[in-house]
Amino acid sequence: MESPAACSLRDIEAWDAECDVLVVGLGCAGASAALAAAEAGADVLALERASAGGGTSALSGGVVYLGGGTPVQKACGFEDDAEAMRGYLMAACGPDPDEAKISLFAERSVEHFHWLVDRGVPFRESFYPDTGIEPPTDDGLIWSGNENVHPFRDLARPAPRGHCVAKPGAAGGLLMEKLLARVGATPGIRVTNDTCAESVVCDEEGRVVGAIVRRAGERANLKARRGVVLTAGGFIQNREMIAEHAPPLLRCKIRIGCEGDDGSGIQMGLAAGAAARRLDAGSISLPYYPPEGLKRGILVNGAGERFLNEDAYYGLVGEHALLRHDGRVFLVVDDAVHERPMAGMEIVAAGDDPAELARELDLPGLEATIHSYNEAAARGIDPAFHKNAKYLAPLVNAPLGVLDCTVENAIYAAFTLGGLATDVEGRVLDEGDAPIGGLFAAGRTTSGLAAQGYSSGLSLADGTFFGRRAGERAAAGGAER
Ligand SMILES: Cc1cc2nc3c(=O)[nH]c(=O)nc-3n(C[C@H](O)[C@H](O)[C@H](O)COP(=O)(O)OP(=O)(O)OC[C@H]3O[C@@H](n4cnc5c(N)ncnc54)[C@H](O)[C@@H]3O)c2cc1C
């Protein structure tokens, strides 16, 4: 991967503007960093390459992963604590999740909820029972991951933690409207839109002391007395980087991200000597439900065999389908279960019984799979994958059908989870795990809470939570080498 070289301080003839903390990119992570830095007394300059802040955060569903006993959880009658939340995230965010980040986030999640509320982000104290995507209502809480499904429900006490910003449907716009309004009203923050950061400037010791930016074709040298915070999103829009680091994501139809998700923040960090972590990782959703009732079908791979409990979060289903089963998966339903999936997968085979269905699609193990599933489901159990009994029903109502969930024909939606290595204070680390002086990062420019395994809400959560930490630490004068 070609990274832009960091500019040397020796090559800067004059600074065009100065600030204490320079924030690059104004999505949820950048807005949180700017607010935290200004609230800590720093003079902040926030740059956004688009004509307004918001980024992918403003396009998002507005589900924020929070827990440990928030007022919303309590009002909705759910018990939760930091230990249960930590246990779930350690089990679900791997392999090899960042334990320090998860522990701190679980410990301070309730405080972070109040931080967001105090900055104008509204959450209603009501629960929406269907799982997965943001609700069509303005309810405030959903199950947004695998907390209450096998095997996670037995590893940590389950609680719903998807906190939905109070607006029906996608509410990321409202989240960003509130955060950006606060940014605009905070005297210590100047915002410059239509301004793209191109490289960071390092002094003789390798400390980051500013950035070179371009605005309407004009170059400007910006000095950051205390630190630069890179919050420029991920790299799902950079095909070259995806091909090099996370090639399976190229097969996904939908790239979840704004134009700015081209990896420029990561590349600027690498040029300053940063290490990258988990550039292969991605959130991969296969939204084969809603409707919820489709979970009563069975998912099979190219060999006609089931591979997980169908009540799992669709992000886990997508990850398994693409990374472990080559994107060749199908959903088997019967006439009682079949409903039109919201994501529009088509029927590719139909038959009066399992044998006919298996012949039509040439899935060798399918007939045996359906028989053994049906036999156990009739007894209300799923010994193979432990799907919740409420989704168990033998598939016996003819005709049986197969919905096409292959990566070529179904919606697989992906965004990147890997990025710069940072510590819990948002300091960017080099290959030896030492902080690089003056350089901070958060959000999808970094590898955050989800090393690979994802639950909805984790990206807005770690963007805002570690964005705050990065902004605060930068305001405090940065890390010394
Ligand atoms: C449809 C959809 C639904 C989603 N739903 C959810 C959800 O409900 N919950 C959840 O947690 N996540 C969700 N996500 C994912 C989530 O929105 C993103 O991962 C998250 O918003 C990333 O935040 P960020 O601050 O790191 O980046 P962004 O919000 O993308 O902000 C980065 C900003 O930096 C700017 N920028 C980039 N490069 C430069 C540069 N060189 N100079 C200056 N500016 C630059 C960009 O223009 C952008 O404004 C969803 C995403 C989509 C698209």
# chains A, B, ... in the order shown; residues from 1 in each chain; ligands from 1
call {"tool": "residues_near_ligand", "arguments": {"ligand": "ligand 1", "cutoff": "7 Å", "atoms": "only C-alpha atoms and all ligand atoms", "output": "ChimeraX atom specification"}}
result
/A:24-30,47-50,53-65,134,172,195-198,231-234,256-262,264-265,415,442-445,456-461,463
call {"tool": "residues_around", "arguments": {"residues": "range 371-385 of chain A", "least_positions_apart": "4", "cutoff": "7 Å", "atoms": "only C-alpha atoms", "output": "count of residues only"}}
result
8
call {"tool": "closest_residue", "arguments": {"among": "A:Lys178, A:His112, A:His386, A:Arg340", "to": "Pro151 in chain A", "atoms": "only C-alpha atoms"}}
result
A:His386
call {"tool": "closest_atom_pairs", "arguments": {"of": "range 97-211 of chain A", "to": "range 75-78 of chain A", "cutoff": "7 Å", "atoms": "only C-alpha atoms", "output": "tab-separated table"}}
result
residue	atom	partner	partner_atom	distance
A:Glu125	CA	A:Ala75	CA	5.9
A:Ser126	CA	A:Cys76	CA	5.9
A:Phe127	CA	A:Cys76	CA	6.1
A:Ala159	CA	A:Phe78	CA	6.3
call {"tool": "write_last_selection", "arguments": {"atoms": "all heavy atoms", "output": "compact mmCIF listing (two decimals), in the first residue's frame"}}
result
# COMPACT_ATOMS: atom_id res chain seq x y z
N GLU A 125 -36.88 5.97 26.70
CA GLU A 125 -36.80 4.83 27.62
C GLU A 125 -37.85 3.80 27.25
O GLU A 125 -38.82 3.58 27.98
CB GLU A 125 -36.96 5.32 29.06
CG GLU A 125 -35.78 6.19 29.49
CD GLU A 125 -35.86 6.66 30.92
OE1 GLU A 125 -36.94 6.59 31.51
OE2 GLU A 125 -34.81 7.13 31.43
N SER A 126 -37.69 3.18 26.09
CA SER A 126 -38.66 2.17 25.65
C SER A 126 -37.93 1.12 24.82
O SER A 126 -36.93 1.40 24.17
CB SER A 126 -39.78 2.83 24.83
OG SER A 126 -39.21 3.53 23.74
N PHE A 127 -38.48 -0.08 24.84
CA PHE A 127 -37.83 -1.25 24.24
C PHE A 127 -38.58 -1.69 22.99
O PHE A 127 -39.81 -1.73 22.98
CB PHE A 127 -37.82 -2.38 25.28
CG PHE A 127 -37.26 -3.67 24.78
CD1 PHE A 127 -35.93 -3.77 24.41
CD2 PHE A 127 -38.07 -4.80 24.69
CE1 PHE A 127 -35.40 -4.98 23.94
CE2 PHE A 127 -37.55 -6.01 24.22
CZ PHE A 127 -36.22 -6.09 23.85
N ALA A 159 -28.14 -8.95 28.00
CA ALA A 159 -28.94 -7.73 28.14
C ALA A 159 -28.92 -7.03 26.79
O ALA A 159 -27.90 -7.07 26.09
CB ALA A 159 -28.35 -6.81 29.20
call {"tool": "closest_residue", "arguments": {"among": "A:Tyr313, A:Tyr454, A:Tyr391, A:Tyr412", "to": "Cys252 in chain A", "atoms": "only C-alpha atoms"}}
result
A:Tyr412
call {"tool": "select_by_dssp", "arguments": {"residues": "range 154-384 of chain A", "states": "strand (DSSP E or B)", "output": "PyMOL selection string"}}
result
chain A and resi 162-165+189-192+195-202+208-215+218-230+254-255+274+276-277+282-285+298-301+306+329-333+347-351
call {"tool": "residues_around", "arguments": {"residues": "range 344-353 of chain A", "least_positions_apart": "6", "cutoff": "8 Å", "atoms": "only C-alpha atoms", "output": "list of chain:residue names"}}
result
A:Tyr288, A:Glu360, A:Leu361, A:Val396, A:Ala398, A:Pro399, A:Leu400, A:Gly401, A:Val402, A:Leu403, A:Asp404, A:Cys405, A:Asn409, A:Ala410, A:Ile411
call {"tool": "residues_around", "arguments": {"residues": "range 105-109 of chain A", "least_positions_apart": "5", "cutoff": "8 Å", "atoms": "only C-alpha atoms", "output": "PyMOL selection string"}}
result
chain A and resi 66-68+70+82-83+85-86+465
call {"tool": "residues_around", "arguments": {"residues": "Gly318 in chain A", "least_positions_apart": "5", "cutoff": "8 Å", "atoms": "only C-alpha atoms", "output": "PDB file with N, CA, C and O atoms, in the first residue's frame"}}
result
ATOM      1  N   ILE A 284     -19.536  -7.610   8.252  1.00  0.00           N
ATOM      2  CA  ILE A 284     -20.187  -8.139   7.044  1.00  0.00           C
ATOM      3  C   ILE A 284     -21.615  -8.538   7.409  1.00  0.00           C
ATOM      4  O   ILE A 284     -21.814  -9.493   8.155  1.00  0.00           O
ATOM      5  N   SER A 285     -22.578  -7.783   6.928  1.00  0.00           N
ATOM      6  CA  SER A 285     -23.971  -8.101   7.264  1.00  0.00           C
ATOM      7  C   SER A 285     -24.646  -8.834   6.116  1.00  0.00           C
ATOM      8  O   SER A 285     -24.515  -8.435   4.964  1.00  0.00           O
ATOM      9  N   LEU A 286     -25.364  -9.880   6.480  1.00  0.00           N
ATOM     10  CA  LEU A 286     -26.241 -10.554   5.521  1.00  0.00           C
ATOM     11  C   LEU A 286     -27.645 -10.474   6.124  1.00  0.00           C
ATOM     12  O   LEU A 286     -28.052 -11.325   6.918  1.00  0.00           O
ATOM     13  N   PRO A 287     -28.374  -9.402   5.819  1.00  0.00           N
ATOM     14  CA  PRO A 287     -29.667  -9.175   6.492  1.00  0.00           C
ATOM     15  C   PRO A 287     -30.769 -10.053   5.911  1.00  0.00           C
ATOM     16  O   PRO A 287     -31.659  -9.565   5.240  1.00  0.00           O
ATOM     17  N   TYR A 412     -24.888  -8.336   0.718  1.00  0.00           N
ATOM     18  CA  TYR A 412     -23.864  -8.414   1.759  1.00  0.00           C
ATOM     19  C   TYR A 412     -23.344  -6.986   1.896  1.00  0.00           C
ATOM     20  O   TYR A 412     -22.953  -6.382   0.896  1.00  0.00           O
TER      21      TYR A 412
END
call {"tool": "residues_around", "arguments": {"residues": "range 243-245 of chain A", "least_positions_apart": "3", "cutoff": "6 Å", "atoms": "only C-alpha atoms", "output": "ChimeraX atom specification"}}
result
/A:239-240,279-280
call {"tool": "write_last_selection", "arguments": {"atoms": "all heavy atoms", "output": "PDB file, in the first residue's frame"}}
result
ATOM      1  N   ARG A 239     -10.513   0.651  -3.050  1.00  0.00           N
ATOM      2  CA  ARG A 239     -10.487  -0.721  -3.573  1.00  0.00           C
ATOM      3  C   ARG A 239      -9.090  -1.326  -3.512  1.00  0.00           C
ATOM      4  O   ARG A 239      -8.925  -2.524  -3.292  1.00  0.00           O
ATOM      5  CB  ARG A 239     -11.026  -0.763  -5.004  1.00  0.00           C
ATOM      6  CG  ARG A 239     -12.512  -0.498  -5.064  1.00  0.00           C
ATOM      7  CD  ARG A 239     -13.067  -0.678  -6.457  1.00  0.00           C
ATOM      8  NE  ARG A 239     -13.300  -2.083  -6.820  1.00  0.00           N
ATOM      9  CZ  ARG A 239     -14.338  -2.792  -6.395  1.00  0.00           C
ATOM     10  NH1 ARG A 239     -15.222  -2.257  -5.584  1.00  0.00           N
ATOM     11  NH2 ARG A 239     -14.499  -4.041  -6.784  1.00  0.00           N
ATOM     12  N   GLU A 240      -8.102  -0.480  -3.721  1.00  0.00           N
ATOM     13  CA  GLU A 240      -6.728  -0.990  -3.697  1.00  0.00           C
ATOM     14  C   GLU A 240      -6.357  -1.496  -2.291  1.00  0.00           C
ATOM     15  O   GLU A 240      -5.798  -2.589  -2.134  1.00  0.00           O
ATOM     16  CB  GLU A 240      -5.814   0.164  -4.083  1.00  0.00           C
ATOM     17  CG  GLU A 240      -4.510  -0.246  -4.719  1.00  0.00           C
ATOM     18  CD  GLU A 240      -3.694   1.010  -5.020  1.00  0.00           C
ATOM     19  OE1 GLU A 240      -4.201   1.856  -5.785  1.00  0.00           O
ATOM     20  OE2 GLU A 240      -2.600   1.132  -4.464  1.00  0.00           O
ATOM     21  N   LEU A 279      -6.120  -5.065   9.645  1.00  0.00           N
ATOM     22  CA  LEU A 279      -6.626  -4.461   8.413  1.00  0.00           C
ATOM     23  C   LEU A 279      -7.475  -5.442   7.600  1.00  0.00           C
ATOM     24  O   LEU A 279      -8.171  -5.062   6.668  1.00  0.00           O
ATOM     25  CB  LEU A 279      -5.480  -3.921   7.562  1.00  0.00           C
ATOM     26  CG  LEU A 279      -4.750  -2.701   8.138  1.00  0.00           C
ATOM     27  CD1 LEU A 279      -3.646  -2.231   7.199  1.00  0.00           C
ATOM     28  CD2 LEU A 279      -5.709  -1.554   8.426  1.00  0.00           C
ATOM     29  N   ASP A 280      -7.407  -6.717   7.975  1.00  0.00           N
ATOM     30  CA  ASP A 280      -8.231  -7.719   7.285  1.00  0.00           C
ATOM     31  C   ASP A 280      -9.669  -7.745   7.802  1.00  0.00           C
ATOM     32  O   ASP A 280     -10.538  -8.371   7.198  1.00  0.00           O
ATOM     33  CB  ASP A 280      -7.622  -9.116   7.478  1.00  0.00           C
ATOM     34  CG  ASP A 280      -7.560  -9.504   8.952  1.00  0.00           C
ATOM     35  OD1 ASP A 280      -7.330  -8.610   9.810  1.00  0.00           O
ATOM     36  OD2 ASP A 280      -7.761 -10.694   9.272  1.00  0.00           O
TER      37      ASP A 280
END
call {"tool": "closest_residue", "arguments": {"among": "A:Met176, A:Ala40, A:Ile266, A:Ala17", "to": "Gly477 in chain A", "atoms": "only C-alpha atoms"}}
result
A:Ala40
call {"tool": "atom_distance", "arguments": {"atom1": "CA of Pro187 in chain A", "atom2": "CA of Ala37 in chain A"}}
result
11.8 Å
call {"tool": "closest_residue", "arguments": {"among": "A:Gly263, A:Ala470, A:Gly297, A:Gly282", "to": "Leu323 in chain A", "atoms": "only C-alpha atoms"}}
result
A:Gly282
call {"tool": "closest_residue", "arguments": {"among": "A:Ile102, A:Ala271, A:Leu316, A:Ala451", "to": "Phe152 in chain A", "atoms": "only C-alpha atoms"}}
result
A:Leu316
